[in-house]
Every structure is written in C-alpha cells, then in structure tokens.
file my_file-v4.txt (compact mmCIF, C-alpha atoms and all ligand atoms)
# COMPACT_ATOMS: atom_id res chain seq x y z
CA MET A 2 -14.43 10.85 -16.28
CA PRO A 3 -15.68 7.57 -14.82
CA LEU A 4 -13.36 4.58 -14.81
CA VAL A 5 -13.12 3.06 -18.27
CA SER A 6 -12.67 -0.52 -19.36
CA GLY A 7 -9.15 -1.62 -20.19
CA LYS A 8 -10.67 -2.75 -23.51
CA LEU A 9 -10.95 0.86 -24.57
CA LEU A 10 -7.38 1.73 -23.57
CA PHE A 11 -5.93 -1.39 -25.20
CA SER A 12 -7.79 -0.95 -28.46
CA VAL A 13 -7.01 2.76 -28.87
CA ALA A 14 -3.31 2.27 -28.05
CA HIS A 15 -3.11 -0.62 -30.54
CA GLU A 16 -5.01 1.24 -33.24
CA TYR A 17 -2.99 4.47 -32.95
CA GLY A 18 0.30 2.65 -32.24
CA PHE A 19 1.30 4.14 -28.90
CA CYS A 20 1.90 2.88 -25.40
CA ILE A 21 -0.02 3.49 -22.16
CA GLY A 22 1.70 3.46 -18.76
CA ALA A 23 0.54 1.00 -16.11
CA PHE A 24 1.71 1.82 -12.60
CA ASN A 25 1.38 -0.29 -9.46
CA PHE A 26 0.08 1.06 -6.17
CA SER A 27 -0.61 -0.30 -2.69
CA ASN A 28 -1.57 2.88 -0.87
CA MET A 29 -3.22 6.28 -1.19
CA GLU A 30 0.00 8.18 -1.83
CA PHE A 31 1.04 6.16 -4.88
CA LEU A 32 -2.48 6.15 -6.35
CA LYS A 33 -2.70 9.94 -5.96
CA ALA A 34 0.74 10.47 -7.50
CA ILE A 35 -0.11 8.32 -10.53
CA LEU A 36 -3.49 9.92 -11.21
CA GLU A 37 -2.36 13.50 -10.61
CA THR A 38 0.68 13.11 -12.85
CA ALA A 39 -1.30 11.43 -15.62
CA GLU A 40 -3.94 14.18 -15.38
CA GLU A 41 -1.28 16.88 -15.64
CA LEU A 42 0.07 15.22 -18.80
CA GLU A 43 -3.39 14.39 -20.18
CA ALA A 44 -2.32 10.77 -20.46
CA PRO A 45 -4.60 7.74 -20.23
CA VAL A 46 -3.29 5.32 -17.62
CA PHE A 47 -3.76 1.96 -15.91
CA VAL A 48 -3.60 1.94 -12.11
CA GLN A 49 -2.96 -1.59 -10.99
CA THR A 50 -2.69 -3.76 -7.91
CA THR A 51 -1.10 -7.17 -7.46
CA GLU A 52 -2.37 -9.85 -5.10
CA SER A 53 0.26 -8.82 -2.56
CA ALA A 54 -0.93 -5.20 -2.77
CA ILE A 55 -4.44 -6.48 -2.07
CA LYS A 56 -3.15 -8.55 0.85
CA TYR A 57 -1.29 -5.51 2.20
CA ALA A 58 -4.02 -2.87 1.93
CA GLY A 59 -7.28 -4.77 1.46
CA ILE A 60 -9.23 -4.69 -1.77
CA GLU A 61 -11.99 -2.54 -0.24
CA PHE A 62 -9.49 0.24 0.51
CA LEU A 63 -7.74 0.02 -2.86
CA SER A 64 -10.83 -0.15 -5.04
CA GLY A 65 -12.78 2.17 -2.74
CA MET A 66 -10.24 4.96 -3.16
CA VAL A 67 -10.23 4.58 -6.93
CA LYS A 68 -14.02 4.60 -7.26
CA GLU A 69 -14.40 7.55 -4.91
CA VAL A 70 -11.94 9.77 -6.81
CA SER A 71 -12.64 8.67 -10.37
CA ASP A 72 -14.97 11.57 -11.20
CA LYS A 73 -12.41 14.07 -10.02
CA PHE A 74 -10.18 13.28 -13.02
CA LYS A 75 -10.72 14.11 -16.69
CA ILE A 76 -8.34 11.47 -18.05
CA PRO A 77 -9.63 8.00 -18.88
CA PHE A 78 -8.09 5.35 -16.64
CA ALA A 79 -8.65 1.70 -15.81
CA LEU A 80 -8.32 -0.18 -12.53
CA HIS A 81 -6.42 -3.35 -13.39
CA LEU A 82 -5.63 -6.54 -11.48
CA ASP A 83 -1.94 -7.25 -12.10
CA HIS A 84 -0.81 -10.91 -12.09
CA GLY A 85 -4.09 -12.40 -10.86
CA LYS A 86 -3.05 -15.90 -9.87
CA SER A 87 -6.48 -17.49 -9.41
CA VAL A 88 -10.07 -17.31 -10.59
CA GLU A 89 -10.97 -16.46 -7.01
CA THR A 90 -8.88 -13.26 -7.11
CA VAL A 91 -10.38 -12.35 -10.49
CA LEU A 92 -13.89 -12.74 -9.07
CA LYS A 93 -12.95 -10.57 -6.12
CA ALA A 94 -11.65 -7.89 -8.50
CA ILE A 95 -14.83 -8.05 -10.60
CA ARG A 96 -16.99 -7.67 -7.48
CA HIS A 97 -14.99 -4.61 -6.43
CA GLY A 98 -15.30 -2.76 -9.72
CA TYR A 99 -11.98 -3.50 -11.44
CA THR A 100 -12.30 -2.68 -15.14
CA SER A 101 -9.44 -4.89 -16.31
CA VAL A 102 -7.76 -8.05 -15.06
CA MET A 103 -4.70 -10.13 -15.78
CA ILE A 104 -4.91 -13.87 -15.28
CA ASP A 105 -1.39 -15.22 -14.93
CA TYR A 106 -1.13 -18.97 -15.36
CA SER A 107 2.07 -18.59 -17.35
CA ASP A 108 3.95 -20.93 -15.00
CA LYS A 109 1.48 -23.76 -15.70
CA PRO A 110 1.34 -26.03 -18.78
CA LEU A 111 -0.08 -24.27 -21.85
CA ASP A 112 -3.32 -26.31 -21.88
CA GLU A 113 -4.06 -25.41 -18.26
CA ASN A 114 -3.18 -21.76 -18.95
CA ILE A 115 -5.62 -21.82 -21.89
CA GLU A 116 -8.43 -23.50 -19.93
CA VAL A 117 -8.33 -21.08 -16.99
CA THR A 118 -7.82 -17.99 -19.16
CA ARG A 119 -10.75 -18.97 -21.38
CA TYR A 120 -12.94 -19.29 -18.28
CA VAL A 121 -11.80 -15.85 -17.03
CA VAL A 122 -12.65 -14.33 -20.43
CA SER A 123 -16.11 -15.93 -20.26
CA LEU A 124 -16.66 -14.18 -16.91
CA CYS A 125 -15.21 -10.80 -17.89
CA ALA A 126 -16.29 -10.30 -21.51
CA PRO A 127 -20.06 -9.94 -20.80
CA LEU A 128 -19.21 -7.28 -18.20
CA GLY A 129 -16.96 -5.33 -20.58
CA ILE A 130 -13.88 -6.08 -18.44
CA SER A 131 -10.65 -6.61 -20.36
CA VAL A 132 -8.43 -9.64 -19.86
CA GLU A 133 -4.64 -9.71 -20.18
CA GLY A 134 -2.88 -13.07 -20.32
CA GLU A 135 0.73 -14.25 -20.39
CA VAL A 136 2.59 -16.97 -22.24
CA GLY A 137 6.26 -17.62 -21.45
CA ILE A 138 8.10 -16.99 -18.18
CA LEU A 139 9.75 -13.75 -17.08
CA GLY A 140 12.85 -13.71 -14.90
CA GLY A 141 13.08 -11.92 -11.55
CA VAL A 142 10.20 -12.30 -9.12
CA GLU A 143 8.41 -15.01 -11.13
CA ASP A 144 11.70 -16.83 -11.55
CA GLU A 145 12.73 -16.51 -7.91
CA VAL A 146 9.37 -17.39 -6.39
CA LYS A 147 8.69 -20.40 -8.51
CA GLY A 148 12.26 -21.54 -9.10
CA LEU A 149 11.49 -21.60 -12.81
CA LYS A 150 13.87 -20.67 -15.55
CA GLU A 151 13.01 -17.74 -17.76
CA LYS A 152 11.39 -18.92 -20.98
CA LEU A 153 10.87 -16.56 -23.90
CA THR A 154 7.46 -16.75 -25.56
CA ASP A 155 7.08 -19.14 -28.46
CA PRO A 156 5.02 -17.29 -31.14
CA GLU A 157 3.19 -20.50 -32.12
CA GLU A 158 2.15 -21.11 -28.51
CA ALA A 159 1.11 -17.48 -28.20
CA GLU A 160 -1.09 -17.78 -31.30
CA LYS A 161 -2.76 -20.93 -29.98
CA TYR A 162 -3.29 -19.27 -26.57
CA VAL A 163 -4.81 -16.09 -28.04
CA GLU A 164 -7.07 -17.92 -30.51
CA SER A 165 -8.33 -20.35 -27.87
CA THR A 166 -9.00 -17.78 -25.16
CA GLY A 167 -10.12 -14.51 -26.76
CA ILE A 168 -7.99 -12.32 -24.49
CA ASP A 169 -7.75 -8.57 -25.11
CA ALA A 170 -4.00 -8.20 -24.59
CA LEU A 171 -1.01 -10.51 -24.47
CA ALA A 172 2.04 -10.19 -22.23
CA PRO A 173 4.90 -12.05 -23.92
CA ALA A 174 8.18 -12.90 -22.19
CA VAL A 175 10.81 -11.14 -24.31
CA GLY A 176 13.83 -10.95 -22.02
CA THR A 177 12.77 -8.61 -19.20
CA ALA A 178 12.46 -9.53 -15.53
CA HIS A 179 10.62 -8.14 -12.52
CA GLY A 180 12.41 -6.23 -9.77
CA PRO A 181 15.66 -4.20 -9.58
CA PHE A 182 18.08 -7.01 -10.55
CA LYS A 183 17.08 -7.74 -14.11
CA TYR A 184 20.36 -8.53 -15.78
CA SER A 185 23.80 -9.74 -14.77
CA GLU A 186 25.15 -8.41 -18.08
CA SER A 187 23.89 -5.79 -20.57
CA PRO A 188 20.16 -5.02 -20.74
CA PHE A 189 18.43 -7.18 -23.32
CA ILE A 190 15.02 -7.32 -24.98
CA ASP A 191 14.34 -9.56 -27.95
CA ILE A 192 12.96 -6.83 -30.21
CA SER A 193 12.61 -9.12 -33.21
CA LEU A 194 10.47 -11.47 -31.09
CA ILE A 195 8.12 -8.56 -30.24
CA GLU A 196 7.95 -7.69 -33.95
CA GLU A 197 7.21 -11.30 -34.89
CA ILE A 198 4.45 -11.67 -32.29
CA LYS A 199 2.89 -8.32 -33.23
CA LYS A 200 2.86 -9.26 -36.90
CA LYS A 201 1.41 -12.70 -36.25
CA LEU A 202 -1.28 -11.68 -33.75
CA ASN A 203 -1.97 -8.01 -34.60
CA MET A 204 -3.25 -7.27 -31.10
CA PRO A 205 -2.35 -5.17 -28.02
CA LEU A 206 0.88 -6.30 -26.35
CA VAL A 207 2.06 -5.67 -22.79
CA LEU A 208 5.62 -5.39 -21.48
CA HIS A 209 6.23 -6.47 -17.88
CA GLY A 210 9.42 -6.05 -15.88
CA ALA A 211 10.23 -2.86 -17.78
CA SER A 212 11.62 -0.59 -15.06
CA SER A 213 14.82 1.21 -16.01
CA VAL A 214 16.31 1.12 -12.47
CA TYR A 215 17.78 4.63 -12.81
CA GLU A 216 21.31 4.89 -11.43
CA GLU A 217 20.66 8.21 -9.71
CA TYR A 218 18.12 6.58 -7.40
CA ILE A 219 20.35 3.60 -6.61
CA GLU A 220 23.25 5.96 -5.81
CA GLU A 221 21.05 8.10 -3.57
CA ILE A 222 19.65 5.05 -1.75
CA ASN A 223 23.16 3.73 -1.11
CA ARG A 224 24.49 7.18 -0.12
CA TYR A 225 21.89 7.37 2.62
CA GLY A 226 22.40 3.95 4.15
CA GLY A 227 20.82 1.54 1.67
CA GLU A 228 22.62 -1.53 0.36
CA ILE A 229 21.45 -2.19 -3.16
CA ARG A 230 24.23 -3.68 -5.27
CA ASN A 231 24.33 -4.75 -8.92
CA ALA A 232 20.88 -3.47 -9.73
CA LYS A 233 20.24 -3.16 -13.45
CA GLY A 234 17.16 -2.30 -15.50
CA VAL A 235 15.96 -1.87 -19.06
CA SER A 236 17.52 1.09 -20.92
CA GLU A 237 15.20 3.82 -22.16
CA ASP A 238 16.45 3.13 -25.67
CA LEU A 239 15.20 -0.47 -25.46
CA ILE A 240 11.87 0.75 -24.10
CA LYS A 241 11.49 3.05 -27.12
CA LYS A 242 12.37 0.23 -29.53
CA SER A 243 9.84 -2.07 -27.81
CA ILE A 244 7.11 0.51 -28.30
CA GLU A 245 8.07 1.00 -31.95
CA SER A 246 7.79 -2.79 -32.33
CA GLY A 247 4.24 -2.96 -31.00
CA ILE A 248 4.10 -2.74 -27.19
CA ASN A 249 0.93 -0.89 -26.04
CA LYS A 250 1.06 -1.14 -22.23
CA ILE A 251 4.14 -1.01 -20.04
CA ASN A 252 4.10 -2.03 -16.38
CA THR A 253 6.27 -0.07 -13.96
CA ASP A 254 6.51 -0.79 -10.26
CA THR A 255 10.21 -0.99 -9.31
CA ASP A 256 11.10 2.50 -10.60
CA LEU A 257 8.38 4.02 -8.41
CA ARG A 258 9.61 2.08 -5.37
CA LEU A 259 13.22 3.15 -5.94
CA ALA A 260 12.27 6.80 -6.42
CA PHE A 261 10.28 6.71 -3.18
CA LEU A 262 13.05 4.99 -1.27
CA SER A 263 15.74 7.36 -2.44
CA GLY A 264 13.62 10.38 -1.48
CA LEU A 265 12.63 8.92 1.86
CA ARG A 266 16.14 7.91 2.91
CA ARG A 267 17.51 11.34 2.05
CA ILE A 268 14.73 13.26 3.78
CA ILE A 269 14.89 11.16 6.93
CA MET A 270 18.60 11.98 7.19
CA GLU A 271 18.08 15.67 6.40
CA GLU A 272 15.02 16.28 8.58
CA ARG A 273 16.40 14.83 11.78
CA LYS A 274 13.97 16.67 13.99
CA ALA A 275 10.83 15.82 12.04
CA THR A 276 8.17 13.88 13.92
CA ASP A 277 5.32 14.19 11.43
CA PRO A 278 5.36 11.32 8.87
CA ARG A 279 3.68 13.63 6.35
CA LYS A 280 6.80 15.82 6.34
CA LEU A 281 8.81 12.79 5.23
CA ILE A 282 6.40 10.96 2.95
CA GLY A 283 5.17 14.14 1.20
CA PRO A 284 8.57 15.17 -0.24
CA ALA A 285 9.44 11.53 -1.08
CA MET A 286 6.27 11.36 -3.17
CA GLU A 287 7.55 14.29 -5.25
CA GLU A 288 10.34 11.95 -6.44
CA VAL A 289 7.73 9.35 -7.35
CA LYS A 290 5.78 11.91 -9.37
CA GLU A 291 8.96 12.88 -11.23
CA VAL A 292 9.61 9.30 -12.27
CA ILE A 293 5.98 8.74 -13.34
CA LYS A 294 6.26 11.86 -15.50
CA ARG A 295 9.52 10.63 -17.01
CA ARG A 296 7.93 7.29 -17.86
CA ILE A 297 4.76 8.76 -19.40
CA LEU A 298 6.89 11.06 -21.60
CA LEU A 299 9.06 8.07 -22.56
CA TYR A 300 6.00 6.02 -23.55
CA GLY A 301 4.58 8.82 -25.69
CA SER A 302 1.13 8.77 -24.08
CA GLU A 303 1.24 12.46 -23.09
CA GLY A 304 -1.78 14.28 -24.57
CA LYS A 305 -3.39 11.04 -25.78
CA ALA A 306 -6.37 11.23 -23.40
CA CYS A 307 -8.33 13.10 -26.10
CA LEU A 308 -8.25 10.00 -28.33
CA ILE A 309 -10.50 8.12 -25.89
O1 LIG B 401 4.49 -8.01 -10.62
C1 LIG B 401 5.30 -7.24 -10.28
C2 LIG B 401 5.44 -6.45 -9.11
O2 LIG B 401 6.45 -5.49 -9.23
C3 LIG B 401 5.58 -7.23 -7.85
O3 LIG B 401 4.67 -6.63 -7.05
O4 LIG B 401 5.44 -7.03 -4.74
O5 LIG B 401 3.13 -6.20 -5.25
O6 LIG B 401 3.77 -8.57 -5.80
P1 LIG B 401 4.24 -7.16 -5.62
P1 LIG B 402 9.18 -3.81 -12.77
O1 LIG B 402 9.58 -4.64 -11.59
O2 LIG B 402 10.24 -3.81 -13.81
O3 LIG B 402 8.74 -2.44 -12.40
O4 LIG B 402 7.91 -4.54 -13.44
C1 LIG B 402 6.63 -4.40 -12.87
C2 LIG B 402 5.64 -5.29 -13.47
O5 LIG B 402 5.84 -5.92 -14.49
C3 LIG B 402 4.34 -5.40 -12.78
O6 LIG B 402 3.50 -6.31 -13.37
ZN ZN B 403 4.52 -8.02 -14.17
call {"tool": "encode", "arguments": {"input": "my_file-v4.txt", "output": "structure tokens"}}
result
Amino acid sequence: MPLVSGKLLFSVAHEYGFCIGAFNFSNMEFLKAILETAEELEAPVFVQTTESAIKYAGIEFLSGMVKEVSDKFKIPFALHLDHGKSVETVLKAIRHGYTSVMIDYSDKPLDENIEVTRYVVSLCAPLGISVEGEVGILGGVEDEVKGLKEKLTDPEEAEKYVESTGIDALAPAVGTAHGPFKYSESPFIDISLIEEIKKKLNMPLVLHGASSVYEEYIEEINRYGGEIRNAKGVSEDLIKKSIESGINKINTDTDLRLAFLSGLRRIIMEERKATDPRKLIGPAMEEVKEVIKRRILLYGSEGKACLI
C-alpha cells in the first residue's frame, strides 16, 4: 500500500476508538523493525522522525528509504514529522513526501503557537497532509532543553487553539515526560484531564512521552556495564486507561532505544570475537521488534489495518 495521509489514520482511530502506535526512527534498522512488526500484526502505524533524527541521518535518506519500501507493505502507514520546531522544517518535510507533520510551538505564548500552527495548516491541508499540534508543556526533554516547568494543558486554551488552527490532532500535556526519567515518584497521568479534553473537543488525541521504561531492559543494560539509575516510565495500566479515555496515537521512542541498548550491550559481551557489526546489530534489533510488538498489542491496533 502506498503511504497514507495521517488524516486517514487519525480519523479512523478516533471514529473506531482505538490507538495507533507511532515509533521514532533515525536509521534503516529501526524503520525496518517498525514496518515489519506492524505488517506481521496487520497494524496501521506512524513512522516518525524528529529534527535531530533528520540532522543525524539526513532527510533524503530517511524519507528516501520510506518511499522506496512503501509498496512492499500491505499495512497503511504514515511518515510523520515529530516535534517540528519551525515552518522551515515543515516545508522540508512536505518537499520530501512526509504525509503528516507536528508543529510544536508549545513552549511559546498561546497566540504565537496559534499563529504559526494556523499557517502550517494552511500549507498542509491543501496537500492532504495532517497536522498535529501541542498545547501545554511536557516534562523531560522539553523541560530540560528549554528550562521550562511542565504545564498541564488547560482545556479552554486547547479549545481556542484547535478552533483557531484547524489541526487534525492535538497532543495535550497530561503528566507524561520524554525520555527514561519521567517520574521521581509513582507514574502519573491525569486521566480525567484526557477525558475532559476528549469530551470538549471530540477529536483525535496524541500521547507523547509514553514509554514504559521496562525494568528488564534497565536491569540488562546495567548488568552489562551501563549506568542508568532511577529510570521510570508510564505503567501499561495507565497507557490502557489513557486509550480508554480517548488517546488515538501514542509516541514511543525511549522503549525502542532501551531495548536496543540492552540487546547490544549483552551481545557485545557475549560475542567477544565478533568483528562484523551485523552480527551485533542484527540480534539487538530482535529485542527492538519484541518491544514494538508488545506496544502494538498494548495499544489494541493489531488487526486494524483492514479498517483503512
Ligand atoms: O521527542 C522525543 C524524542 O524521544 C526525542 O528524540 O532525540 O530524536 O530528538 P530526539
Ligand atoms: P518517550 O521518550 O516516552 O518514548 O516519548 C517519545 C515521544 O513522545 C516522541 O515524540
Ligand atoms: Zn514527543
């Protein structure tokens, strides 16, 4: 199936009340693992790249791989720009065939966020490209980088933002954070806030910073020489409740990174005579595929490709 617009994925997930996985990639191995696993489970999926992924690999390589392989897969999937921080990056993504973008001005004043998002929608809508926007501030990477304090989404602000911009999907800040160190205490998501926003806006919602940071991977990483302390993610129970409350797309990056790292560290120690990187990276990618499978099953998007 050719690449599809995120509009299609968002609207079907919202209409049928389920959640589609969105997984980040920066290289061929991760892209292949995501698409092959989603295909095996007949699950629609978003494959997405951040600006730093684009800086690392080059947008020609990232988008080129996706376009070249798209007909090989039967599942519908979208190529999405994750956390686009400028109109310039959005334009670059449009030129390279992305079928969905996120414009993230959530750290700017609401009026500025609205103005830029509205402009991005005016560029994307005629091309059938979906636009995701964010109101509120997540913890973790966004917090660290900008030195801003986490700010949960105000439903009134979200309503004003959505009505003034015409976005296809909204990412509210509901207590999650990017990266492996999400909480100093127990995992928390403001489920009633998701419910309130869903009821008020009746539109597709996206959950960022949703990795579960599985203990088995952290233990394995540390057993084989890593030093990751006090990592904590979102429990699977909270993920399920978020989906029941109206989340339709969940972004996962950290869990894939941790699965890869745990596999790689173990294999490097076990295969001490190996000189071929493929003998190390190949088995580590099996761990990544396992975690992608676990997440797709958790989201309930297995077998949903036929709805699109
Ligand atoms: O946005 C969330 C990502 O997990 C951070 O990704 O390191 O590619 O910017 P990045
Ligand atoms: P995690 O760091 O929890 O995987 O979140 C990723 C994300 O939100 C990408 O946009
Ligand atoms: Zn994010």
call {"tool": "residues_around", "arguments": {"input": "my_file-v4.txt", "residues": "Tyr218 in chain A", "least_positions_apart": "2", "cutoff": "12 Å", "atoms": "only C-alpha atoms", "output": "count of residues only"}}
result
33
call {"tool": "atom_distance", "arguments": {"input": "my_file-v4.txt", "atom1": "CA of Lys86 in chain A", "atom2": "CA of Thr51 in chain A"}}
result
9.3 Å
call {"tool": "atom_distance", "arguments": {"input": "my_file-v4.txt", "atom1": "CA of Thr253 in chain A", "atom2": "CA of Pro188 in chain A"}}
result
16.2 Å
call {"tool": "residues_near_ligand", "arguments": {"input": "my_file-v4.txt", "ligand": "ligand ZN 403 (chain B)", "cutoff": "7 Å", "atoms": "all atoms listed in the file", "output": "tab-separated table (two decimals) with C-alpha atoms, in the frame of the given file"}}
result
chain	number	residue	atom	x	y	z
A	83	ASP	CA	-1.94	-7.25	-12.10
A	84	HIS	CA	-0.81	-10.91	-12.09
A	179	HIS	CA	10.62	-8.14	-12.52
A	209	HIS	CA	6.23	-6.47	-17.88
A	210	GLY	CA	9.42	-6.05	-15.88
A	252	ASN	CA	4.10	-2.03	-16.38
call {"tool": "atom_distance", "arguments": {"input": "my_file-v4.txt", "atom1": "CA of Pro3 in chain A", "atom2": "CA of Ile282 in chain A"}}
result
28.5 Å
call {"tool": "closest_residue", "arguments": {"input": "my_file-v4.txt", "among": "A:Asp254, A:Glu164, A:Glu237, A:Glu271", "to": "ligand LIG 401 (chain B)", "atoms": "all atoms listed in the file"}}
result
A:Asp254
call {"tool": "residues_around", "arguments": {"input": "my_file-v4.txt", "residues": "Gln49 in chain A", "least_positions_apart": "4", "cutoff": "8 Å", "atoms": "all atoms listed in the file", "output": "CSV table (one decimal) with C-alpha atoms, keeping the file's coordinate frame"}}
result
chain,number,residue,atom,x,y,z
A,23,ALA,CA,0.5,1.0,-16.1
A,24,PHE,CA,1.7,1.8,-12.6
A,25,ASN,CA,1.4,-0.3,-9.5
A,26,PHE,CA,0.1,1.1,-6.2
A,80,LEU,CA,-8.3,-0.2,-12.5
A,81,HIS,CA,-6.4,-3.4,-13.4
A,82,LEU,CA,-5.6,-6.5,-11.5
A,83,ASP,CA,-1.9,-7.2,-12.1
call {"tool": "closest_residue", "arguments": {"input": "my_file-v4.txt", "among": "A:Gly180, A:Gly59, A:Pro77, A:Gly140", "to": "ligand LIG 401 (chain B)", "atoms": "all atoms listed in the file"}}
result
A:Gly180
